[in-house]
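Engineer: Below you'll find the structure I mean.
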Amino acid sequence: MPTVNIDKLALFEALERDYTSQEFFELCFRFGIELEEDTSEREMAEKGSNKDAEHLSDRAILKIDIPANRYDLLCQEGLARALRVFEEKAKPPVYKTVKPASGKLEQIIVKESTQQIRPYIVGAILRNISFTPENYASFIDLQDKLHNNICRKRTLASMGTHDLDTIEGPFSYEALPHKEIKFTPLNKDVEVDGDELMELYAEDKHLGKFLPIIRDSPVYPVVFDAKRTVCSLPPIINSDHSKITLNTKNVLIEITATDEHKASTVLNTLVSMFSEYCAEPFTVEPVEIVYPDNTTTKVYPQIEPRKASAKVDYINSCTGLELEADEITRLLNRMSLDASVNPKDKNEILVNVPPTRWDILHACDIMEDVAISYGYDNLPKKMPNVNTFASALPLNKLSDHVRREVAMSGFTEVAPLILCSHDENFKFLNRVDDGKTAIKLANPKTIEYEVVRTSLLPGILKTLNSNKKLALPLKVFEVSDVGFKDESRDRRARNERHLCATYTSKTSGFEVIHGLLDRIMTVLNTSRISKDETEKLGYWIQEAEDATYFPGRSAYIYLRYIDPETNTRKTLQIGSFGVLHPSVLENFDLINPTTAIEFNLEPFV
């Protein structure tokens, strides 16, 4: 859930009431959001050990957690407006598009070259807007929030805002070779081309992370005005020439995207939030998008309400209420939804969904808003009409049984992370990646989380590394899943439930781990047999050649069992155990001898 910082005094002024922290917490809860903290910039900085905290403001700030699909609540304007409607202190605004006095819309002409990199663009104009330092900061902050949320860090869409009085339409959206794009980036005083721009922002903490989105493309997207002045190079940065200031009166918003729907959603959110500061509130001037064939045009923003509906019976059955249709419409109106009863069917609620509510996709979303407006705490508690008997999945039941037995054997359970680095999963264990086993992350954020573990051992060894100060012996275990590639499955991957345990002391403790294996097999009612006893079911061990373990001090574990799927006998190597090789211990910065065991539990289900 995204968190927004809202000016407390400004919000309470908009709500026409001073709330205590507890009262506002309860209001947030009733509305479906959560007050995380009542704080200030200075207090937040002091908690973060910021040395400059004393220079920051003591003005109260509310940190509020917002549902990820409520883009309209990511700024103070949207949150105050929604809460005023919820508290029935105002009615939802009606958004409308207004053509310019000349009757001719501004145009953005899309060139064919953009299809190979970022094919969509939408736009709108906010006329005669009045900026103050507060709403200007909110305008910029909302763009950042949308970039990180629905825009997926600018990969799906990115916004550019321009002072329309400094540029001239019609505008063109093109994709050109790097060297052919020259402009002065925002808040810079030097002109650069596309390649120089990449070098300029390579080390920038804010913009550097967005460079890979287009860096390897032979062409970069660019927006020009009628005089071939660069307005922006999306998704990186705008031109300094058209930057907006507190004195800007007319704002051109352009959003380029790889997903046209996302671009339209972002545009609608941005203009609906800040059109309230226009001379004629909640009005937006549309922009015409002309596509490469010159015959197809679209006009944005598309802020006309969408039609949706839900049955009264459906809403009541889901909530356990017995509400009349008129009461349901009143509750929905509190959620900024224009609802009415269908005159032809009293059992149907018709809803005009405003452009701010892209989270309303289905009748269940309408039902959810009725429940929120009514109050989850007020919903009646009823016993269900049917009886069901819950039970654990066989694999989970088995896992819990094994956990109990290993714990009663004196081992302590640990729970490391499922992701690990590629080296930890292979190189550190003296294993080779065959390229067909490990599930690798396409775009890992850190080197520590590159693959889904194929063994529980690396996580346990990292845990031992973090607990070297504890008294010996250290006896730890984990029962959990590992992941493997599996092209035979629809999802091309599968989980496998493993048990892994280690014994660390001044001596290897091989006999302790061997004894644990025998104990677990006894508990699982699995007899030890000889490899040559082909008519019997059970397990046996045989000497292993595994680089993870010390030579001559390891064994493979084999199991002969009845496969429940084919109802035939099957022999499978389910795991191994042994004294870990000194190089493995060195890789994990461990100094004491350690013996480990790991095997697959699933054949025992």
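FYI, nothing fancy with the structure tokens labels: chains A, B, ... in order, residues from 1 per chain, ligands from 1 as they appear.
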Give me the residues within 12 Å of Asp433 (chain A) as a PDB file with all heavy atoms, in the first residue's frame, counting only C-alpha atoms and dropping any in the same chain fewer than 4 places off.
Structural biologist:
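Wrote it out as part_14.pdb, contents follow:
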ATOM      1  N   HIS A 422      22.828 -16.143  -6.723  1.00  0.00           N
ATOM      2  CA  HIS A 422      23.202 -17.276  -7.580  1.00  0.00           C
ATOM      3  C   HIS A 422      24.420 -17.986  -7.015  1.00  0.00           C
ATOM      4  O   HIS A 422      24.487 -19.226  -6.994  1.00  0.00           O
ATOM      5  CB  HIS A 422      23.482 -16.769  -8.997  1.00  0.00           C
ATOM      6  CG  HIS A 422      23.768 -17.859  -9.980  1.00  0.00           C
ATOM      7  ND1 HIS A 422      25.028 -18.396 -10.151  1.00  0.00           N
ATOM      8  CD2 HIS A 422      22.961 -18.545 -10.836  1.00  0.00           C
ATOM      9  CE1 HIS A 422      24.994 -19.336 -11.076  1.00  0.00           C
ATOM     10  NE2 HIS A 422      23.739 -19.460 -11.508  1.00  0.00           N
ATOM     11  N   ASP A 423      25.393 -17.230  -6.521  1.00  0.00           N
ATOM     12  CA  ASP A 423      26.608 -17.843  -5.976  1.00  0.00           C
ATOM     13  C   ASP A 423      26.302 -18.658  -4.733  1.00  0.00           C
ATOM     14  O   ASP A 423      26.849 -19.755  -4.551  1.00  0.00           O
ATOM     15  CB  ASP A 423      27.644 -16.762  -5.651  1.00  0.00           C
ATOM     16  CG  ASP A 423      28.352 -16.245  -6.893  1.00  0.00           C
ATOM     17  OD1 ASP A 423      28.157 -16.847  -7.975  1.00  0.00           O
ATOM     18  OD2 ASP A 423      29.090 -15.260  -6.789  1.00  0.00           O
ATOM     19  N   GLU A 424      25.445 -18.153  -3.851  1.00  0.00           N
ATOM     20  CA  GLU A 424      25.093 -18.894  -2.642  1.00  0.00           C
ATOM     21  C   GLU A 424      24.426 -20.214  -2.978  1.00  0.00           C
ATOM     22  O   GLU A 424      24.629 -21.219  -2.287  1.00  0.00           O
ATOM     23  CB  GLU A 424      24.162 -18.046  -1.765  1.00  0.00           C
ATOM     24  CG  GLU A 424      24.848 -16.865  -1.102  1.00  0.00           C
ATOM     25  CD  GLU A 424      23.858 -15.901  -0.476  1.00  0.00           C
ATOM     26  OE1 GLU A 424      22.640 -16.048  -0.721  1.00  0.00           O
ATOM     27  OE2 GLU A 424      24.309 -14.982   0.233  1.00  0.00           O
ATOM     28  N   ASN A 425      23.627 -20.226  -4.015  1.00  0.00           N
ATOM     29  CA  ASN A 425      22.884 -21.424  -4.383  1.00  0.00           C
ATOM     30  C   ASN A 425      23.747 -22.458  -5.098  1.00  0.00           C
ATOM     31  O   ASN A 425      23.466 -23.661  -5.031  1.00  0.00           O
ATOM     32  CB  ASN A 425      21.699 -21.049  -5.267  1.00  0.00           C
ATOM     33  CG  ASN A 425      20.644 -22.138  -5.349  1.00  0.00           C
ATOM     34  OD1 ASN A 425      19.986 -22.435  -4.368  1.00  0.00           O
ATOM     35  ND2 ASN A 425      20.510 -22.739  -6.523  1.00  0.00           N
ATOM     36  N   PHE A 426      24.809 -22.005  -5.763  1.00  0.00           N
ATOM     37  CA  PHE A 426      25.635 -22.923  -6.551  1.00  0.00           C
ATOM     38  C   PHE A 426      27.114 -22.870  -6.155  1.00  0.00           C
ATOM     39  O   PHE A 426      27.631 -23.801  -5.552  1.00  0.00           O
ATOM     40  CB  PHE A 426      25.472 -22.628  -8.048  1.00  0.00           C
ATOM     41  CG  PHE A 426      24.116 -22.942  -8.588  1.00  0.00           C
ATOM     42  CD1 PHE A 426      23.209 -21.940  -8.840  1.00  0.00           C
ATOM     43  CD2 PHE A 426      23.733 -24.252  -8.814  1.00  0.00           C
ATOM     44  CE1 PHE A 426      21.943 -22.221  -9.333  1.00  0.00           C
ATOM     45  CE2 PHE A 426      22.470 -24.562  -9.303  1.00  0.00           C
ATOM     46  CZ  PHE A 426      21.568 -23.543  -9.564  1.00  0.00           C
ATOM     47  N   LYS A 427      27.785 -21.788  -6.468  1.00  0.00           N
ATOM     48  CA  LYS A 427      29.235 -21.692  -6.293  1.00  0.00           C
ATOM     49  C   LYS A 427      29.665 -21.935  -4.852  1.00  0.00           C
ATOM     50  O   LYS A 427      30.635 -22.669  -4.595  1.00  0.00           O
ATOM     51  CB  LYS A 427      29.716 -20.318  -6.771  1.00  0.00           C
ATOM     52  CG  LYS A 427      31.221 -20.118  -6.685  1.00  0.00           C
ATOM     53  CD  LYS A 427      31.598 -18.728  -7.201  1.00  0.00           C
ATOM     54  CE  LYS A 427      33.086 -18.505  -7.062  1.00  0.00           C
ATOM     55  NZ  LYS A 427      33.472 -17.140  -7.527  1.00  0.00           N
ATOM     56  N   PHE A 428      28.950 -21.338  -3.896  1.00  0.00           N
ATOM     57  CA  PHE A 428      29.339 -21.472  -2.494  1.00  0.00           C
ATOM     58  C   PHE A 428      29.178 -22.904  -1.991  1.00  0.00           C
ATOM     59  O   PHE A 428      29.779 -23.287  -0.985  1.00  0.00           O
ATOM     60  CB  PHE A 428      28.517 -20.529  -1.616  1.00  0.00           C
ATOM     61  CG  PHE A 428      28.938 -19.072  -1.726  1.00  0.00           C
ATOM     62  CD1 PHE A 428      29.807 -18.661  -2.719  1.00  0.00           C
ATOM     63  CD2 PHE A 428      28.460 -18.139  -0.829  1.00  0.00           C
ATOM     64  CE1 PHE A 428      30.189 -17.328  -2.830  1.00  0.00           C
ATOM     65  CE2 PHE A 428      28.835 -16.805  -0.918  1.00  0.00           C
ATOM     66  CZ  PHE A 428      29.699 -16.401  -1.930  1.00  0.00           C
ATOM     67  N   LEU A 429      28.345 -23.699  -2.659  1.00  0.00           N
ATOM     68  CA  LEU A 429      28.140 -25.101  -2.283  1.00  0.00           C
ATOM     69  C   LEU A 429      28.945 -26.051  -3.167  1.00  0.00           C
ATOM     70  O   LEU A 429      28.739 -27.266  -3.134  1.00  0.00           O
ATOM     71  CB  LEU A 429      26.656 -25.462  -2.366  1.00  0.00           C
ATOM     72  CG  LEU A 429      25.705 -24.706  -1.430  1.00  0.00           C
ATOM     73  CD1 LEU A 429      24.267 -25.165  -1.675  1.00  0.00           C
ATOM     74  CD2 LEU A 429      26.088 -24.907   0.025  1.00  0.00           C
ATOM     75  N   THR A 437      17.785 -25.802 -13.919  1.00  0.00           N
ATOM     76  CA  THR A 437      17.287 -26.133 -12.580  1.00  0.00           C
ATOM     77  C   THR A 437      16.695 -24.936 -11.856  1.00  0.00           C
ATOM     78  O   THR A 437      15.545 -24.962 -11.409  1.00  0.00           O
ATOM     79  CB  THR A 437      18.421 -26.729 -11.729  1.00  0.00           C
ATOM     80  OG1 THR A 437      18.976 -27.854 -12.403  1.00  0.00           O
ATOM     81  CG2 THR A 437      17.897 -27.150 -10.366  1.00  0.00           C
ATOM     82  N   ALA A 438      17.480 -23.864 -11.731  1.00  0.00           N
ATOM     83  CA  ALA A 438      17.090 -22.742 -10.874  1.00  0.00           C
ATOM     84  C   ALA A 438      16.166 -21.768 -11.592  1.00  0.00           C
ATOM     85  O   ALA A 438      16.329 -21.484 -12.781  1.00  0.00           O
ATOM     86  CB  ALA A 438      18.334 -21.995 -10.395  1.00  0.00           C
ATOM     87  N   ILE A 439      15.196 -21.264 -10.842  1.00  0.00           N
ATOM     88  CA  ILE A 439      14.292 -20.214 -11.327  1.00  0.00           C
ATOM     89  C   ILE A 439      14.974 -18.885 -11.056  1.00  0.00           C
ATOM     90  O   ILE A 439      15.190 -18.515  -9.896  1.00  0.00           O
ATOM     91  CB  ILE A 439      12.933 -20.278 -10.603  1.00  0.00           C
ATOM     92  CG1 ILE A 439      12.308 -21.665 -10.777  1.00  0.00           C
ATOM     93  CG2 ILE A 439      12.006 -19.186 -11.105  1.00  0.00           C
ATOM     94  CD1 ILE A 439      11.151 -21.933  -9.833  1.00  0.00           C
ATOM     95  N   LYS A 440      15.310 -18.153 -12.118  1.00  0.00           N
ATOM     96  CA  LYS A 440      16.074 -16.910 -11.968  1.00  0.00           C
ATOM     97  C   LYS A 440      15.162 -15.704 -12.128  1.00  0.00           C
ATOM     98  O   LYS A 440      14.278 -15.696 -12.980  1.00  0.00           O
ATOM     99  CB  LYS A 440      17.197 -16.852 -13.008  1.00  0.00           C
ATOM    100  CG  LYS A 440      18.193 -18.003 -12.877  1.00  0.00           C
ATOM    101  CD  LYS A 440      19.257 -17.970 -13.972  1.00  0.00           C
ATOM    102  CE  LYS A 440      20.193 -19.159 -13.845  1.00  0.00           C
ATOM    103  NZ  LYS A 440      21.211 -19.190 -14.928  1.00  0.00           N
ATOM    104  N   VAL A 451      17.947 -15.731  -7.419  1.00  0.00           N
ATOM    105  CA  VAL A 451      17.295 -16.999  -7.797  1.00  0.00           C
ATOM    106  C   VAL A 451      16.401 -17.484  -6.665  1.00  0.00           C
ATOM    107  O   VAL A 451      16.575 -17.101  -5.503  1.00  0.00           O
ATOM    108  CB  VAL A 451      18.331 -18.105  -8.133  1.00  0.00           C
ATOM    109  CG1 VAL A 451      19.211 -17.695  -9.302  1.00  0.00           C
ATOM    110  CG2 VAL A 451      19.181 -18.441  -6.906  1.00  0.00           C
ATOM    111  N   THR A 454      17.182 -23.644  -4.666  1.00  0.00           N
ATOM    112  CA  THR A 454      16.954 -25.042  -5.021  1.00  0.00           C
ATOM    113  C   THR A 454      17.373 -25.958  -3.887  1.00  0.00           C
ATOM    114  O   THR A 454      17.252 -27.183  -3.983  1.00  0.00           O
ATOM    115  CB  THR A 454      17.720 -25.428  -6.290  1.00  0.00           C
ATOM    116  OG1 THR A 454      19.124 -25.199  -6.069  1.00  0.00           O
ATOM    117  CG2 THR A 454      17.267 -24.579  -7.468  1.00  0.00           C
TER     118      THR A 454
END
Engineer: Where does DSSP see strand (DSSP E or B) in region 498-535 of chain A, if you list the residues as a PyMOL selection string?
Structural biologist: chain A and resi 498-504+528
Engineer: Between A:Ile541, A:Leu156, A:Ile181, A:Ala90, single out the one closest to Ile255 (chain A), counting only C-alpha atoms.
Structural biologist: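 Closest to Ile255 (chain A), using only C-alpha atoms: A:Leu156.
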Engineer: Counting only C-alpha atoms, what is within 7 Å of Leu590 (chain A), bar same-chain residues fewer than 3 positions away, as a list in words?
Structural biologist: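 Listing them by chain and then by number gives Asn465, Leu585 and Glu586 of chain A.
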Engineer: Please save C-alpha atoms of the selected residues as a compact mmCIF listing (two decimals), in the first residue's frame.
Structural biologist:
# COMPACT_ATOMS: atom_id res chain seq x y z
CA ASN A 465 26.93 -17.19 10.13
CA LEU A 585 32.31 -23.46 5.32
CA GLU A 586 34.85 -20.85 4.23
Engineer: With only C-alpha atoms as the atoms that count, which of A:Asp589, A:Asp345, A:Asp18, A:Glu77 lies nearest to Val312 (chain A)?
Structural biologist: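 That would be A:Asp345, the residue with the smallest distance to Val312 (chain A).
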Engineer: One decimal, in Å: what's the spacing between CA of His147 (chain A) and CA of Ser242 (chain A)?
Structural biologist: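 These two atoms are separated by 20.3 Å.
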